[in-house]
Every structure is written in structure tokens, then in C-alpha cells.
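*Asks:* This is the structure I want to talk about, given as C-alpha cells.
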Amino acid sequence: MSPEGIDQLESFGDKFGRMQDTIMDKLLPQLLKAVGENPGTAIDNLGRAERLNLIGCSDDWISMRGLRNMLVHEYIESPLEMLIALRQARNFTDQLHDTFLAISKYAQDRLSVSLPSNLI
């Protein structure tokens, strides 16, 4: 693989991990605080987000976290494992984007707050 290809793969993995972190660890807890709930553990927050119809399935988010850890911390040893992980991450990107849009719409509708569009 070319150095440019390696850079693109690393960039994708970093951006995937950052977006997953931002939504799960920062945006969801802040949104819950804004609507008067006390944020809890990541799993609790995902459950609340699922009940609010902000995410589809909290189990997917737990899988995303594991995938993020593999990509960011470079726990992948074989090219085949890397290919599988990157395909899984690619499949989750639409869900990340849709979740951001759902949270943004929820914040706008319920809190009259607009999220910066440069976050996506």
C-alpha cells in the first residue's frame, strides 16, 4: 500500500473514532443535561438516547465503541482483520451522521438550540 493510502486509512480511523467519541461521550451527556436529566454511564446514556429515538440501537453503539478502540489503538494485526474493521466502520458512518442530525433536530425543536454545522 502506498504512503498516501496508509494516511487515508489512518485518517478515516481517527475521524471515525473522534465522531463516535464526540457523540457518545460529549454530545449525548450534554443533551441529557439540557433536557433536565442526569447523565449516567455511557450505556445508561445510550439507553436514554434510544428511548428518545435519537439512536436506533444502543447495541450498535457498543459495537462502534469496540471497533473504535480497535482502530484507534491499533489492536488489529492482520490485513484481513483491518479490512473487516474498516468495512464495519464504513457501515456505521451513516448511523453516526444520522444520529448527529437527529440530535441536532431534537435540540432545535425542544431547546431552540442549533448545533454548529461544522461538527459533521
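Ordering of the C-alpha cells sets the chain letters (A, B, ...), residue numbers begin anew at 1 in every chain, and ligands are numbered from 1 in the order given.
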Just the residues within 12 Å of Gly40 of chain A, please, counting only C-alpha atoms, with nothing from its chain fewer than 3 positions along; format it as a PyMOL selection string.

*Replies:* chain A and resi 24-25+28-30+32-33+37+43-49

*Asks:* As a ChimeraX atom specification, please: every residue in chain A that a backbone DSSP assignment puts in alpha helix (DSSP H).

*Replies:* /A:3-21,28-34,42-51,58-72,79-111

*Asks:* Print the selection's residues with C-alpha atoms to a file, as a PDB file, in the first residue's frame.

*Replies:*
ATOM      1  CA  PRO A   3       2.010   6.012   1.914  1.00  0.00           C
ATOM      2  CA  GLU A   4      -0.991   8.078   0.757  1.00  0.00           C
ATOM      3  CA  GLY A   5      -3.270   5.054   1.144  1.00  0.00           C
ATOM      4  CA  ILE A   6      -1.952   4.386   4.636  1.00  0.00           C
ATOM      5  CA  ASP A   7      -2.531   8.053   5.547  1.00  0.00           C
ATOM      6  CA  GLN A   8      -6.112   7.854   4.253  1.00  0.00           C
ATOM      7  CA  LEU A   9      -6.827   4.717   6.280  1.00  0.00           C
ATOM      8  CA  GLU A  10      -5.367   6.246   9.428  1.00  0.00           C
ATOM      9  CA  SER A  11      -7.302   9.462   8.829  1.00  0.00           C
ATOM     10  CA  PHE A  12     -10.566   7.562   8.370  1.00  0.00           C
ATOM     11  CA  GLY A  13      -9.983   5.559  11.552  1.00  0.00           C
ATOM     12  CA  ASP A  14      -9.151   8.714  13.508  1.00  0.00           C
ATOM     13  CA  LYS A  15     -12.197  10.587  12.228  1.00  0.00           C
ATOM     14  CA  PHE A  16     -14.486   7.632  12.879  1.00  0.00           C
ATOM     15  CA  GLY A  17     -13.182   7.366  16.440  1.00  0.00           C
ATOM     16  CA  ARG A  18     -13.432  11.098  17.059  1.00  0.00           C
ATOM     17  CA  MET A  19     -17.019  11.333  15.816  1.00  0.00           C
ATOM     18  CA  GLN A  20     -18.062   8.291  17.830  1.00  0.00           C
ATOM     19  CA  ASP A  21     -16.400   9.781  20.933  1.00  0.00           C
ATOM     20  CA  LEU A  28     -25.307  12.890  24.466  1.00  0.00           C
ATOM     21  CA  PRO A  29     -24.443  13.755  28.091  1.00  0.00           C
ATOM     22  CA  GLN A  30     -24.746  17.484  27.349  1.00  0.00           C
ATOM     23  CA  LEU A  31     -28.097  16.985  25.653  1.00  0.00           C
ATOM     24  CA  LEU A  32     -29.376  14.940  28.580  1.00  0.00           C
ATOM     25  CA  LYS A  33     -28.307  17.703  30.983  1.00  0.00           C
ATOM     26  CA  ALA A  34     -30.064  20.282  28.808  1.00  0.00           C
ATOM     27  CA  ALA A  42     -22.283   5.602  28.632  1.00  0.00           C
ATOM     28  CA  ILE A  43     -24.594   2.573  28.498  1.00  0.00           C
ATOM     29  CA  ASP A  44     -27.274   4.399  30.518  1.00  0.00           C
ATOM     30  CA  ASN A  45     -26.982   7.440  28.258  1.00  0.00           C
ATOM     31  CA  LEU A  46     -27.328   5.250  25.175  1.00  0.00           C
ATOM     32  CA  GLY A  47     -30.464   3.693  26.629  1.00  0.00           C
ATOM     33  CA  ARG A  48     -31.953   7.137  27.199  1.00  0.00           C
ATOM     34  CA  ALA A  49     -30.982   8.222  23.695  1.00  0.00           C
ATOM     35  CA  GLU A  50     -32.642   5.109  22.298  1.00  0.00           C
ATOM     36  CA  ARG A  51     -35.863   5.875  24.221  1.00  0.00           C
ATOM     37  CA  SER A  58     -27.678   1.032  21.713  1.00  0.00           C
ATOM     38  CA  ASP A  59     -26.027  -2.335  20.972  1.00  0.00           C
ATOM     39  CA  ASP A  60     -24.732  -0.856  17.705  1.00  0.00           C
ATOM     40  CA  TRP A  61     -23.104   1.943  19.680  1.00  0.00           C
ATOM     41  CA  ILE A  62     -21.427  -0.526  21.993  1.00  0.00           C
ATOM     42  CA  SER A  63     -20.119  -2.333  18.898  1.00  0.00           C
ATOM     43  CA  MET A  64     -18.946   1.006  17.496  1.00  0.00           C
ATOM     44  CA  ARG A  65     -17.020   1.671  20.697  1.00  0.00           C
ATOM     45  CA  GLY A  66     -15.229  -1.657  20.436  1.00  0.00           C
ATOM     46  CA  LEU A  67     -14.469  -1.030  16.776  1.00  0.00           C
ATOM     47  CA  ARG A  68     -13.237   2.456  17.574  1.00  0.00           C
ATOM     48  CA  ASN A  69     -10.908   1.046  20.204  1.00  0.00           C
ATOM     49  CA  MET A  70      -9.511  -1.475  17.730  1.00  0.00           C
ATOM     50  CA  LEU A  71      -8.895   1.165  15.056  1.00  0.00           C
ATOM     51  CA  VAL A  72      -7.561   3.931  17.267  1.00  0.00           C
ATOM     52  CA  PRO A  79      -4.645  -7.057   6.775  1.00  0.00           C
ATOM     53  CA  LEU A  80      -7.833  -9.147   6.646  1.00  0.00           C
ATOM     54  CA  GLU A  81      -8.832  -8.037  10.159  1.00  0.00           C
ATOM     55  CA  MET A  82      -8.138  -4.439   9.138  1.00  0.00           C
ATOM     56  CA  LEU A  83     -10.290  -4.795   6.025  1.00  0.00           C
ATOM     57  CA  ILE A  84     -13.174  -6.230   8.042  1.00  0.00           C
ATOM     58  CA  ALA A  85     -12.878  -3.492  10.696  1.00  0.00           C
ATOM     59  CA  LEU A  86     -12.766  -0.723   8.090  1.00  0.00           C
ATOM     60  CA  ARG A  87     -15.829  -2.117   6.325  1.00  0.00           C
ATOM     61  CA  GLN A  88     -17.684  -2.259   9.637  1.00  0.00           C
ATOM     62  CA  ALA A  89     -16.665   1.314  10.400  1.00  0.00           C
ATOM     63  CA  ARG A  90     -17.790   2.425   6.965  1.00  0.00           C
ATOM     64  CA  ASN A  91     -21.153   0.761   7.547  1.00  0.00           C
ATOM     65  CA  PHE A  92     -21.517   2.694  10.807  1.00  0.00           C
ATOM     66  CA  THR A  93     -20.701   6.110   9.302  1.00  0.00           C
ATOM     67  CA  ASP A  94     -24.250   6.668   8.058  1.00  0.00           C
ATOM     68  CA  GLN A  95     -25.558   5.850  11.526  1.00  0.00           C
ATOM     69  CA  LEU A  96     -23.142   8.352  13.093  1.00  0.00           C
ATOM     70  CA  HIS A  97     -24.261  11.023  10.656  1.00  0.00           C
ATOM     71  CA  ASP A  98     -27.958  10.227  11.133  1.00  0.00           C
ATOM     72  CA  THR A  99     -27.537  10.352  14.910  1.00  0.00           C
ATOM     73  CA  PHE A 100     -25.890  13.754  14.748  1.00  0.00           C
ATOM     74  CA  LEU A 101     -28.755  15.020  12.583  1.00  0.00           C
ATOM     75  CA  ALA A 102     -31.349  13.540  14.979  1.00  0.00           C
ATOM     76  CA  ILE A 103     -29.669  15.159  17.992  1.00  0.00           C
ATOM     77  CA  SER A 104     -29.395  18.446  16.122  1.00  0.00           C
ATOM     78  CA  LYS A 105     -33.093  18.366  15.195  1.00  0.00           C
ATOM     79  CA  TYR A 106     -34.074  17.400  18.752  1.00  0.00           C
ATOM     80  CA  ALA A 107     -32.012  20.272  20.181  1.00  0.00           C
ATOM     81  CA  GLN A 108     -33.516  22.714  17.687  1.00  0.00           C
ATOM     82  CA  ASP A 109     -37.112  21.551  18.228  1.00  0.00           C
ATOM     83  CA  ARG A 110     -37.055  21.081  22.007  1.00  0.00           C
ATOM     84  CA  LEU A 111     -34.410  23.505  23.172  1.00  0.00           C
TER      85      LEU A 111
END

*Asks:* Can you tell me how far atom CA of Pro39 of chain A sits from atom CA of Lys26 of chain A, in Å to one decimal?

*Replies:* 10.5 Å

*Asks:* I'd like the interatomic distance between atom CA of Ser78 of chain A and atom CA of Cys57 of chain A, to a tenth of an Å.

*Replies:* 29.3 Å

*Asks:* Compare A:Asn38, A:Val113, A:Ile23, A:Ser2 by their minimum atom-to-atom distance to Leu54 of chain A, counting only C-alpha atoms, and give me the closest one.

*Replies:*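 Of all the options, A:Ile23 lies closest to Leu54 of chain A.
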